[in-house]
Amino acid sequence: MMAVCLARIDDRLVHGQVVEGWIPHLRAQRVVVVSDGAAADETQKALMRMALPEDVELEVMTVEEAARHPSLRENGGPRTLVLAPGPLEILGLLERGVSFARVNVGGLHYSAGKVQLGKAIFLSEEDREALKSISRRGVFLEGRAVPAEKETDLLALLEGRSAA
């Protein structure tokens with residue numbers, strides 16, 4: 001069994017939808033946050049640790065550290081939820097040899113210059129190109145905020161096709 005049970009892009013990283021929805025749904029035992037910014041921020045790491053259930057491990061790493069970490073490359077081990085704040089981090093992992101069959105895009109919130117693609121998915125041109133590059137590597141891009149939602153084919157939306 002692959003240790004990674006879900007790779008998720010969500011700019012809020014550890015928050016209610018993850019703690020109350022995804023972790024129980026996936027039966028995740030570990031959360032690996034892949035973010036150069038979060039890895040350098042002790043306060044953010046402490047807040048994420050406090051938000052998680054006590055029995056769920058937390059590791060916060062840079063893209064480079066995560067790409068070399070055995071938990072993202074080996075089968076077995078604790079069921080792991082990988083969280084990244086944007087598509088560039090996931091693309092960075094893929095470029096360094098980590099593989100994912102699918103990536104969940106759950107929340108990329110509005111900021112100036114971003115265009116809405118889904119209910120809570122706003123993308124810059126850089127985000128769009130990174131997602132297309134992820135897809136070209138054979139990774140299915142699924143859009144949904146919580147496990148109970150119907151998944152959306154994000155590549156279809158990116159290409160202007162029906163996502164149903």
# chains A, B, ... in the order shown; residues from 1 in each chain; ligands from 1
$ residues_around --residues "Leu155 in chain A" --least-positions-apart "2" --cutoff "9 Å" --atoms "only C-alpha atoms" --output "VMD selection string"
chain A and resid 131 to 132 135 140 to 142 152 to 153 157 to 161 163
$ closest_atom_pairs --of "range 28-123 of chain A" --to "range 11-19 of chain A" --cutoff "7 Å" --atoms "only C-alpha atoms" --output "JSON lines"
{"residue": "A:Met48", "atom": "CA", "partner": "A:Val14", "partner_atom": "CA", "distance": 5.8}
{"residue": "A:Leu52", "atom": "CA", "partner": "A:Val19", "partner_atom": "CA", "distance": 6.2}
{"residue": "A:Leu83", "atom": "CA", "partner": "A:Leu13", "partner_atom": "CA", "distance": 6.0}
{"residue": "A:Ala84", "atom": "CA", "partner": "A:Leu13", "partner_atom": "CA", "distance": 6.6}
{"residue": "A:Pro85", "atom": "CA", "partner": "A:Asp11", "partner_atom": "CA", "distance": 3.9}
{"residue": "A:Gly86", "atom": "CA", "partner": "A:Asp11", "partner_atom": "CA", "distance": 6.1}
{"residue": "A:Gly107", "atom": "CA", "partner": "A:Asp11", "partner_atom": "CA", "distance": 6.1}
{"residue": "A:Leu108", "atom": "CA", "partner": "A:Asp11", "partner_atom": "CA", "distance": 5.5}
$ closest_residue --among "A:Leu154, A:Val4, A:Leu58, A:Ala51" --to "Glu20 in chain A" --atoms "only C-alpha atoms"
A:Ala51
$ atom_distance --atom1 "CA of Gly97 in chain A" --atom2 "CA of Leu72 in chain A"
9.8 Å
$ select_by_dssp --residues "chain A" --states "strand (DSSP E or B)" --output "PyMOL selection string"
chain A and resi 2+4-10+30-34+57-61+75+80-84+102-108+115-118+121-123+140-143+152-153
$ write_last_selection --atoms "C-alpha atoms" --output "compact mmCIF listing (two decimals), in the first residue's frame"
# COMPACT_ATOMS: atom_id res chain seq x y z
CA MET A 2 1.30 3.43 -0.90
CA VAL A 4 0.55 8.70 0.39
CA CYS A 5 -3.24 8.43 0.43
CA LEU A 6 -3.87 11.93 -1.00
CA ALA A 7 -1.89 14.86 -2.35
CA ARG A 8 -3.90 18.06 -1.91
CA ILE A 9 -3.34 21.64 -3.03
CA ASP A 10 -4.90 24.07 -0.58
CA ARG A 30 0.50 11.66 9.07
CA VAL A 31 0.28 15.05 7.38
CA VAL A 32 3.26 16.23 5.34
CA VAL A 33 3.11 19.94 4.51
CA VAL A 34 5.29 20.80 1.53
CA GLU A 57 1.92 13.17 12.94
CA LEU A 58 2.93 16.44 11.29
CA GLU A 59 6.01 17.06 9.17
CA VAL A 60 6.62 20.42 7.51
CA MET A 61 9.29 20.41 4.81
CA ASN A 75 5.17 1.95 -0.06
CA THR A 80 0.01 10.15 4.62
CA LEU A 81 -1.85 13.25 3.46
CA VAL A 82 0.44 15.59 1.50
CA LEU A 83 -0.59 19.24 1.63
CA ALA A 84 0.87 21.96 -0.59
CA ARG A 102 -4.00 12.08 -8.71
CA VAL A 103 -3.88 15.46 -7.04
CA ASN A 104 -6.82 17.06 -5.26
CA VAL A 105 -7.18 20.81 -5.70
CA GLY A 106 -9.31 22.02 -2.82
CA GLY A 107 -8.71 25.68 -2.30
CA LEU A 108 -6.77 28.39 -4.06
CA VAL A 115 -9.24 33.97 -12.47
CA GLN A 116 -11.93 31.73 -10.97
CA LEU A 117 -11.99 28.15 -12.24
CA GLY A 118 -14.12 26.42 -9.59
CA ILE A 121 -10.30 27.72 -7.06
CA PHE A 122 -8.76 30.92 -8.38
CA LEU A 123 -5.71 30.57 -10.61
CA PHE A 140 -5.42 13.26 -12.69
CA LEU A 141 -6.44 16.68 -11.32
CA GLU A 142 -9.52 16.47 -9.13
CA GLY A 143 -11.31 19.54 -7.83
CA THR A 152 -14.62 17.79 -10.84
CA ASP A 153 -12.15 17.09 -13.65
$ atom_distance --atom1 "CA of Gln44 in chain A" --atom2 "CA of Ile134 in chain A"
27.2 Å
$ select_by_dssp --residues "chain A" --states "alpha helix (DSSP H)" --output "VMD selection string"
chain A and resid 16 23 to 26 36 to 39 42 to 51 63 to 68 87 to 95 125 to 136 154 to 158
$ write_last_selection --atoms "N, CA and C atoms" --output "compact mmCIF listing (two decimals), in the first residue's frame"
# COMPACT_ATOMS: atom_id res chain seq x y z
N GLY A 16 -9.97 23.56 8.93
CA GLY A 16 -11.15 22.75 9.25
C GLY A 16 -11.50 21.67 8.26
N ILE A 23 -8.91 14.16 6.89
CA ILE A 23 -8.14 13.24 7.76
C ILE A 23 -8.99 12.04 8.18
N PRO A 24 -10.22 12.25 8.70
CA PRO A 24 -11.04 11.06 9.04
C PRO A 24 -11.40 10.23 7.81
N HIS A 25 -11.75 10.89 6.70
CA HIS A 25 -12.14 10.18 5.47
C HIS A 25 -11.00 9.29 4.97
N LEU A 26 -9.79 9.80 5.00
CA LEU A 26 -8.62 9.05 4.51
C LEU A 26 -8.02 8.14 5.56
N ASP A 36 8.00 25.77 1.24
CA ASP A 36 9.23 26.42 1.66
C ASP A 36 8.94 27.48 2.72
N GLY A 37 7.84 28.23 2.53
CA GLY A 37 7.48 29.28 3.48
C GLY A 37 7.10 28.74 4.84
N ALA A 38 6.24 27.74 4.88
CA ALA A 38 5.81 27.16 6.16
C ALA A 38 6.98 26.48 6.87
N ALA A 39 7.87 25.86 6.12
CA ALA A 39 9.01 25.17 6.73
C ALA A 39 9.92 26.16 7.47
N GLU A 42 8.26 29.01 12.27
CA GLU A 42 8.01 28.21 13.48
C GLU A 42 6.60 28.44 14.03
N THR A 43 6.09 29.65 13.94
CA THR A 43 4.75 29.94 14.44
C THR A 43 3.71 29.19 13.63
N GLN A 44 3.83 29.24 12.32
CA GLN A 44 2.87 28.53 11.46
C GLN A 44 2.92 27.03 11.74
N LYS A 45 4.13 26.48 11.92
CA LYS A 45 4.24 25.04 12.22
C LYS A 45 3.55 24.72 13.55
N ALA A 46 3.73 25.57 14.56
CA ALA A 46 3.11 25.33 15.87
C ALA A 46 1.59 25.39 15.77
N LEU A 47 1.07 26.34 15.00
CA LEU A 47 -0.39 26.46 14.84
C LEU A 47 -0.96 25.24 14.11
N MET A 48 -0.26 24.75 13.09
CA MET A 48 -0.73 23.55 12.38
C MET A 48 -0.73 22.35 13.31
N ARG A 49 0.32 22.21 14.13
CA ARG A 49 0.40 21.10 15.07
C ARG A 49 -0.79 21.13 16.03
N MET A 50 -1.12 22.34 16.54
CA MET A 50 -2.24 22.47 17.48
C MET A 50 -3.58 22.15 16.83
N ALA A 51 -3.71 22.38 15.53
CA ALA A 51 -4.98 22.15 14.83
C ALA A 51 -5.24 20.67 14.55
N VAL A 63 10.19 21.90 -0.40
CA VAL A 63 9.99 21.02 -1.55
C VAL A 63 11.19 20.09 -1.69
N GLU A 64 12.38 20.62 -1.57
CA GLU A 64 13.61 19.83 -1.71
C GLU A 64 13.68 18.72 -0.66
N GLU A 65 13.39 19.06 0.61
CA GLU A 65 13.41 18.05 1.68
C GLU A 65 12.35 16.98 1.45
N ALA A 66 11.16 17.40 1.07
CA ALA A 66 10.06 16.45 0.87
C ALA A 66 10.36 15.50 -0.28
N ALA A 67 10.98 16.00 -1.33
CA ALA A 67 11.29 15.17 -2.50
C ALA A 67 12.24 14.04 -2.14
N ARG A 68 13.09 14.26 -1.14
CA ARG A 68 14.04 13.23 -0.71
C ARG A 68 13.50 12.36 0.42
N PRO A 87 0.12 24.70 -6.84
CA PRO A 87 0.55 23.69 -7.81
C PRO A 87 2.06 23.67 -8.05
N LEU A 88 2.75 24.77 -7.82
CA LEU A 88 4.20 24.78 -8.07
C LEU A 88 4.95 23.82 -7.13
N GLU A 89 4.48 23.67 -5.90
CA GLU A 89 5.11 22.73 -4.96
C GLU A 89 4.91 21.29 -5.43
N ILE A 90 3.70 20.97 -5.86
CA ILE A 90 3.43 19.61 -6.36
C ILE A 90 4.26 19.35 -7.61
N LEU A 91 4.31 20.30 -8.52
CA LEU A 91 5.12 20.16 -9.72
C LEU A 91 6.59 19.97 -9.35
N GLY A 92 7.06 20.70 -8.36
CA GLY A 92 8.45 20.55 -7.89
C GLY A 92 8.73 19.14 -7.39
N LEU A 93 7.77 18.54 -6.69
CA LEU A 93 7.93 17.16 -6.22
C LEU A 93 7.99 16.20 -7.40
N LEU A 94 7.08 16.38 -8.35
CA LEU A 94 7.05 15.51 -9.53
C LEU A 94 8.36 15.62 -10.32
N GLU A 95 8.87 16.82 -10.47
CA GLU A 95 10.11 17.03 -11.20
C GLU A 95 11.31 16.38 -10.51
N GLU A 125 -1.95 32.78 -14.03
CA GLU A 125 -1.48 32.12 -15.25
C GLU A 125 -0.40 31.09 -14.90
N GLU A 126 0.45 31.42 -13.92
CA GLU A 126 1.50 30.50 -13.48
C GLU A 126 0.88 29.22 -12.89
N ASP A 127 -0.19 29.38 -12.10
CA ASP A 127 -0.90 28.22 -11.53
C ASP A 127 -1.47 27.35 -12.65
N ARG A 128 -2.10 27.98 -13.64
CA ARG A 128 -2.71 27.25 -14.77
C ARG A 128 -1.65 26.42 -15.49
N GLU A 129 -0.51 27.05 -15.78
CA GLU A 129 0.56 26.34 -16.49
C GLU A 129 1.12 25.20 -15.66
N ALA A 130 1.27 25.42 -14.34
CA ALA A 130 1.78 24.35 -13.46
C ALA A 130 0.79 23.18 -13.43
N LEU A 131 -0.51 23.46 -13.35
CA LEU A 131 -1.50 22.39 -13.34
C LEU A 131 -1.48 21.61 -14.65
N LYS A 132 -1.36 22.31 -15.76
CA LYS A 132 -1.28 21.62 -17.06
C LYS A 132 -0.04 20.74 -17.12
N SER A 133 1.06 21.23 -16.59
CA SER A 133 2.30 20.45 -16.57
C SER A 133 2.16 19.21 -15.69
N ILE A 134 1.47 19.36 -14.56
CA ILE A 134 1.20 18.21 -13.67
C ILE A 134 0.38 17.18 -14.44
N SER A 135 -0.66 17.64 -15.13
CA SER A 135 -1.53 16.75 -15.89
C SER A 135 -0.77 16.03 -17.01
N ARG A 136 0.14 16.74 -17.68
CA ARG A 136 0.92 16.12 -18.76
C ARG A 136 1.80 14.98 -18.25
N LEU A 154 -10.53 18.87 -13.23
CA LEU A 154 -9.99 20.21 -13.39
C LEU A 154 -9.33 20.44 -14.75
N LEU A 155 -8.73 19.42 -15.32
CA LEU A 155 -8.12 19.59 -16.63
C LEU A 155 -9.19 19.97 -17.66
N ALA A 156 -10.35 19.33 -17.57
CA ALA A 156 -11.44 19.66 -18.48
C ALA A 156 -11.83 21.13 -18.33
N LEU A 157 -11.91 21.61 -17.09
CA LEU A 157 -12.22 23.03 -16.87
C LEU A 157 -11.12 23.93 -17.42
N LEU A 158 -9.87 23.54 -17.19
CA LEU A 158 -8.73 24.33 -17.71
C LEU A 158 -8.78 24.45 -19.23
$ closest_residue --among "A:Ala28, A:Asp55, A:Arg137, A:Phe100" --to "Pro78 in chain A" --atoms "only C-alpha atoms"
A:Ala28
$ atom_distance --atom1 "CA of Arg144 in chain A" --atom2 "CA of Gly21 in chain A"
11.6 Å
